[in-house]
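Some notes on the structure that comes next.
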Amino acid sequence: MEEKNIQEEGSCCNCMDEKLEKELDEILEKYTNSKDNLIQILNEVQIKYGYIPQIAQRKISEYLGIPMAEIYGVITFYSRFTLKPKGKYAISVCLGTACFVKGSEKIMERLKQRLNISEGETTPDGKFSIDATRCVGACGIAPVFTVNGEVYGKATVKKLDEVLDSLQ
Ligand code: FES
C-alpha cells in the first residue's frame, strides 16, 4: 500500500516533468542544433518560464552538445537570464553609469529595505523580485527602474514607494 502511494506521488512529479520536457522539446524543435542558437533558445525559455529551469539546461546541453558548465556560465554572465523564478512583479533598478550618477543606488537600497530581500532574490510569497540591470537604453530619463519591463524614468525614492504601494 505504502509502495503504491509512493508510486502515485512519483508519477505526479513525473507528469510535471514530462509536461516540461514536452514543452522544451517544442522549443528546441524550432532551432537547428547549432551552438550559435544557444542565446536564442535561452531567451525563449527565460521568457516562457521566467527563469531557466535545471531540466532545460540539461536538455539544451544534450541538444546542442554544449557542456552544462558552459551553459551555466552563459546564464550567469547575462543579467537577463536567471536560475530562479522571478516574482510576479520583477523589479529591476538600472545601475548603468547614467543612472548611477543620478542616484539609482539610493533607489536600489530603498527597494531592498522595503522588500527585505537582496538583489537576485524573490520575496517568500513570490510577489516581488529584485535585479540590477546595466542600461536599459533610457539614459535620457535617468535614473530608471522597471517593473516587468515597464520603464519608470526620473525615478526617486518617493516614486518607488508610490509604485510599491500601488502593487502591494
Ligand atoms: S544607464 Fe540607466 S538607462 Fe542607461
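Chain labels follow the order of the C-alpha cells: the first chain is A, the next B, and so on; residue numbering restarts at 1 in every chain, and ligands are counted from 1 in their shown order.
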Near Val74 in chain A, within 10 Å and counting only C-alpha atoms, which residues show up once chain neighbours fewer than 6 positions away are dropped, as a PDB file with N, CA and C atoms, in the first residue's frame?
ATOM      1  N   LEU A  38      22.300  28.995 -28.988  1.00  0.00           N
ATOM      2  CA  LEU A  38      22.193  28.913 -27.528  1.00  0.00           C
ATOM      3  C   LEU A  38      21.468  30.112 -26.915  1.00  0.00           C
ATOM      4  N   ILE A  39      21.910  31.315 -27.268  1.00  0.00           N
ATOM      5  CA  ILE A  39      21.328  32.512 -26.645  1.00  0.00           C
ATOM      6  C   ILE A  39      19.840  32.641 -26.979  1.00  0.00           C
ATOM      7  N   LEU A  42      17.921  30.099 -24.951  1.00  0.00           N
ATOM      8  CA  LEU A  42      17.842  30.527 -23.543  1.00  0.00           C
ATOM      9  C   LEU A  42      16.855  31.676 -23.385  1.00  0.00           C
ATOM     10  N   MET A  68      27.161  21.332 -19.675  1.00  0.00           N
ATOM     11  CA  MET A  68      26.280  22.036 -18.722  1.00  0.00           C
ATOM     12  C   MET A  68      27.003  23.230 -18.087  1.00  0.00           C
ATOM     13  N   PHE A  81      19.190  36.560 -17.882  1.00  0.00           N
ATOM     14  CA  PHE A  81      18.879  35.161 -17.582  1.00  0.00           C
ATOM     15  C   PHE A  81      18.950  34.937 -16.074  1.00  0.00           C
TER      16      PHE A  81
END
Report task. Considering only C-alpha atoms, return as a PyMOL selection string whatever protein or nucleic-acid residues lie within 8 Å of Ile71 in chain A, sequence-local ones (same chain, fewer than 4 positions apart) excluded. Result -> chain A and resi 57+61+66-67+75
Query raised in the report: Which residue gives the smallest distance to ligand 1 among A:Thr146, A:Gln40, A:Ser118, A:Ser129, with only C-alpha atoms and all ligand atoms counted?
Result: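 Smallest separation from ligand 1 among the options: A:Thr146.
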Query - Neighbourhood of ligand 1 at 12 Å, counting only C-alpha atoms and all ligand atoms, reported as number ranges by chain - result: A: 92-105, 132-146, 151-155
Output N, CA and C atoms of each residue in that selection to a file, as a compact mmCIF listing (two decimals), in the first residue's frame.
# COMPACT_ATOMS: atom_id res chain seq x y z
N SER A 92 13.56 45.82 -11.64
CA SER A 92 14.99 45.96 -11.92
C SER A 92 15.37 47.42 -11.78
N VAL A 93 16.46 47.66 -11.10
CA VAL A 93 16.98 49.02 -10.98
C VAL A 93 18.20 49.11 -11.88
N CYS A 94 18.23 50.16 -12.71
CA CYS A 94 19.37 50.33 -13.60
C CYS A 94 20.54 50.92 -12.82
N LEU A 95 21.65 50.21 -12.86
CA LEU A 95 22.86 50.71 -12.20
C LEU A 95 23.93 51.06 -13.25
N GLY A 96 23.47 51.29 -14.48
CA GLY A 96 24.37 51.77 -15.53
C GLY A 96 24.89 53.16 -15.18
N THR A 97 25.91 53.62 -15.87
CA THR A 97 26.58 54.87 -15.48
C THR A 97 25.63 56.06 -15.35
N ALA A 98 24.82 56.29 -16.38
CA ALA A 98 23.94 57.47 -16.36
C ALA A 98 22.98 57.43 -15.17
N CYS A 99 22.46 56.26 -14.90
CA CYS A 99 21.52 56.12 -13.77
C CYS A 99 22.25 56.19 -12.44
N PHE A 100 23.42 55.58 -12.41
CA PHE A 100 24.19 55.54 -11.17
C PHE A 100 24.55 56.94 -10.69
N VAL A 101 25.04 57.78 -11.65
CA VAL A 101 25.44 59.14 -11.25
C VAL A 101 24.23 59.98 -10.83
N LYS A 102 23.05 59.55 -11.25
CA LYS A 102 21.84 60.30 -10.85
C LYS A 102 21.17 59.66 -9.63
N GLY A 103 21.87 58.75 -8.99
CA GLY A 103 21.38 58.27 -7.68
C GLY A 103 20.58 56.97 -7.69
N SER A 104 20.75 56.14 -8.70
CA SER A 104 19.93 54.91 -8.72
C SER A 104 20.30 53.95 -7.57
N GLU A 105 21.49 54.13 -7.01
CA GLU A 105 21.87 53.25 -5.91
C GLU A 105 20.95 53.45 -4.70
N ALA A 132 19.42 43.99 -10.61
CA ALA A 132 20.10 45.19 -11.09
C ALA A 132 20.31 45.01 -12.59
N THR A 133 20.13 46.07 -13.36
CA THR A 133 20.42 45.98 -14.79
C THR A 133 21.46 47.02 -15.16
N ARG A 134 22.03 46.85 -16.32
CA ARG A 134 23.04 47.81 -16.81
C ARG A 134 22.51 48.47 -18.06
N CYS A 135 21.99 49.64 -17.94
CA CYS A 135 21.47 50.45 -19.05
C CYS A 135 20.35 49.74 -19.83
N VAL A 136 19.17 50.32 -19.72
CA VAL A 136 18.04 49.79 -20.46
C VAL A 136 17.72 50.70 -21.66
N GLY A 137 18.68 51.57 -21.99
CA GLY A 137 18.51 52.44 -23.16
C GLY A 137 17.62 53.64 -22.89
N ALA A 138 17.48 54.00 -21.63
CA ALA A 138 16.62 55.15 -21.30
C ALA A 138 17.41 56.17 -20.49
N CYS A 139 18.69 56.34 -20.86
CA CYS A 139 19.59 57.23 -20.10
C CYS A 139 19.05 58.66 -20.02
N GLY A 140 18.30 59.08 -21.03
CA GLY A 140 17.76 60.45 -21.07
C GLY A 140 16.80 60.74 -19.94
N ILE A 141 16.22 59.68 -19.36
CA ILE A 141 15.30 59.90 -18.24
C ILE A 141 15.84 59.22 -16.96
N ALA A 142 17.18 59.12 -16.89
CA ALA A 142 17.82 58.51 -15.72
C ALA A 142 17.49 59.31 -14.46
N PRO A 143 17.45 58.67 -13.30
CA PRO A 143 17.62 57.22 -13.11
C PRO A 143 16.32 56.46 -13.39
N VAL A 144 16.45 55.21 -13.78
CA VAL A 144 15.24 54.44 -14.09
C VAL A 144 15.22 53.11 -13.34
N PHE A 145 13.98 52.67 -13.12
CA PHE A 145 13.78 51.29 -12.70
C PHE A 145 12.64 50.73 -13.54
N THR A 146 12.54 49.42 -13.63
CA THR A 146 11.49 48.81 -14.44
C THR A 146 10.71 47.82 -13.60
N VAL A 151 9.11 50.84 -17.99
CA VAL A 151 10.16 51.76 -17.51
C VAL A 151 9.57 52.93 -16.72
N TYR A 152 10.14 53.18 -15.54
CA TYR A 152 9.79 54.36 -14.75
C TYR A 152 11.01 55.27 -14.73
N GLY A 153 10.91 56.42 -15.38
CA GLY A 153 12.04 57.32 -15.51
C GLY A 153 12.02 58.42 -14.48
N LYS A 154 13.15 59.16 -14.44
CA LYS A 154 13.34 60.24 -13.46
C LYS A 154 12.90 59.77 -12.08
N ALA A 155 13.35 58.58 -11.76
CA ALA A 155 12.89 57.93 -10.54
C ALA A 155 13.45 58.57 -9.29
Report task. Just list the residues in range 62-148 of chain A DSSP gives alpha helix (DSSP H) on the backbone, as number ranges by chain. Result -> A: 62-64, 68-77, 97-101, 104-115
Report task. Please provide as a ChimeraX atom specification all residues within 12 Å of Lys86 in chain A, with the sequence filter that same-chain residues fewer than 2 positions apart are discarded (counting only C-alpha atoms). Result -> /A:46-53,80-84,88-92,119-131,147-148
Report task. Enumerate as JSON, numbers by chain all residues of chain A assigned to strand (DSSP E or B) by DSSP on the backbone, naming them with the chain letters and numbers the document uses. Result -> {"A": [89, 90, 91, 92, 93, 94, 122, 128, 129, 130, 131, 132, 133, 145, 146, 147, 150, 151, 152]}
Query - Close residues, Lys30 in chain A itself excluded, 12 Å, only C-alpha atoms, min 3 positions apart in chain, as a count of residues only - result: 12
Query - Point-to-point distance in Å for CA of Ser79 in chain A and CA of Leu164 in chain A - result: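 Answer for the CA of Leu164 in chain A to CA of Ser79 in chain A separation: 22.6 Å.
From CA of Asn14 in chain A back to CA of Ile55 in chain A, the distance works out to 12.4 Å.
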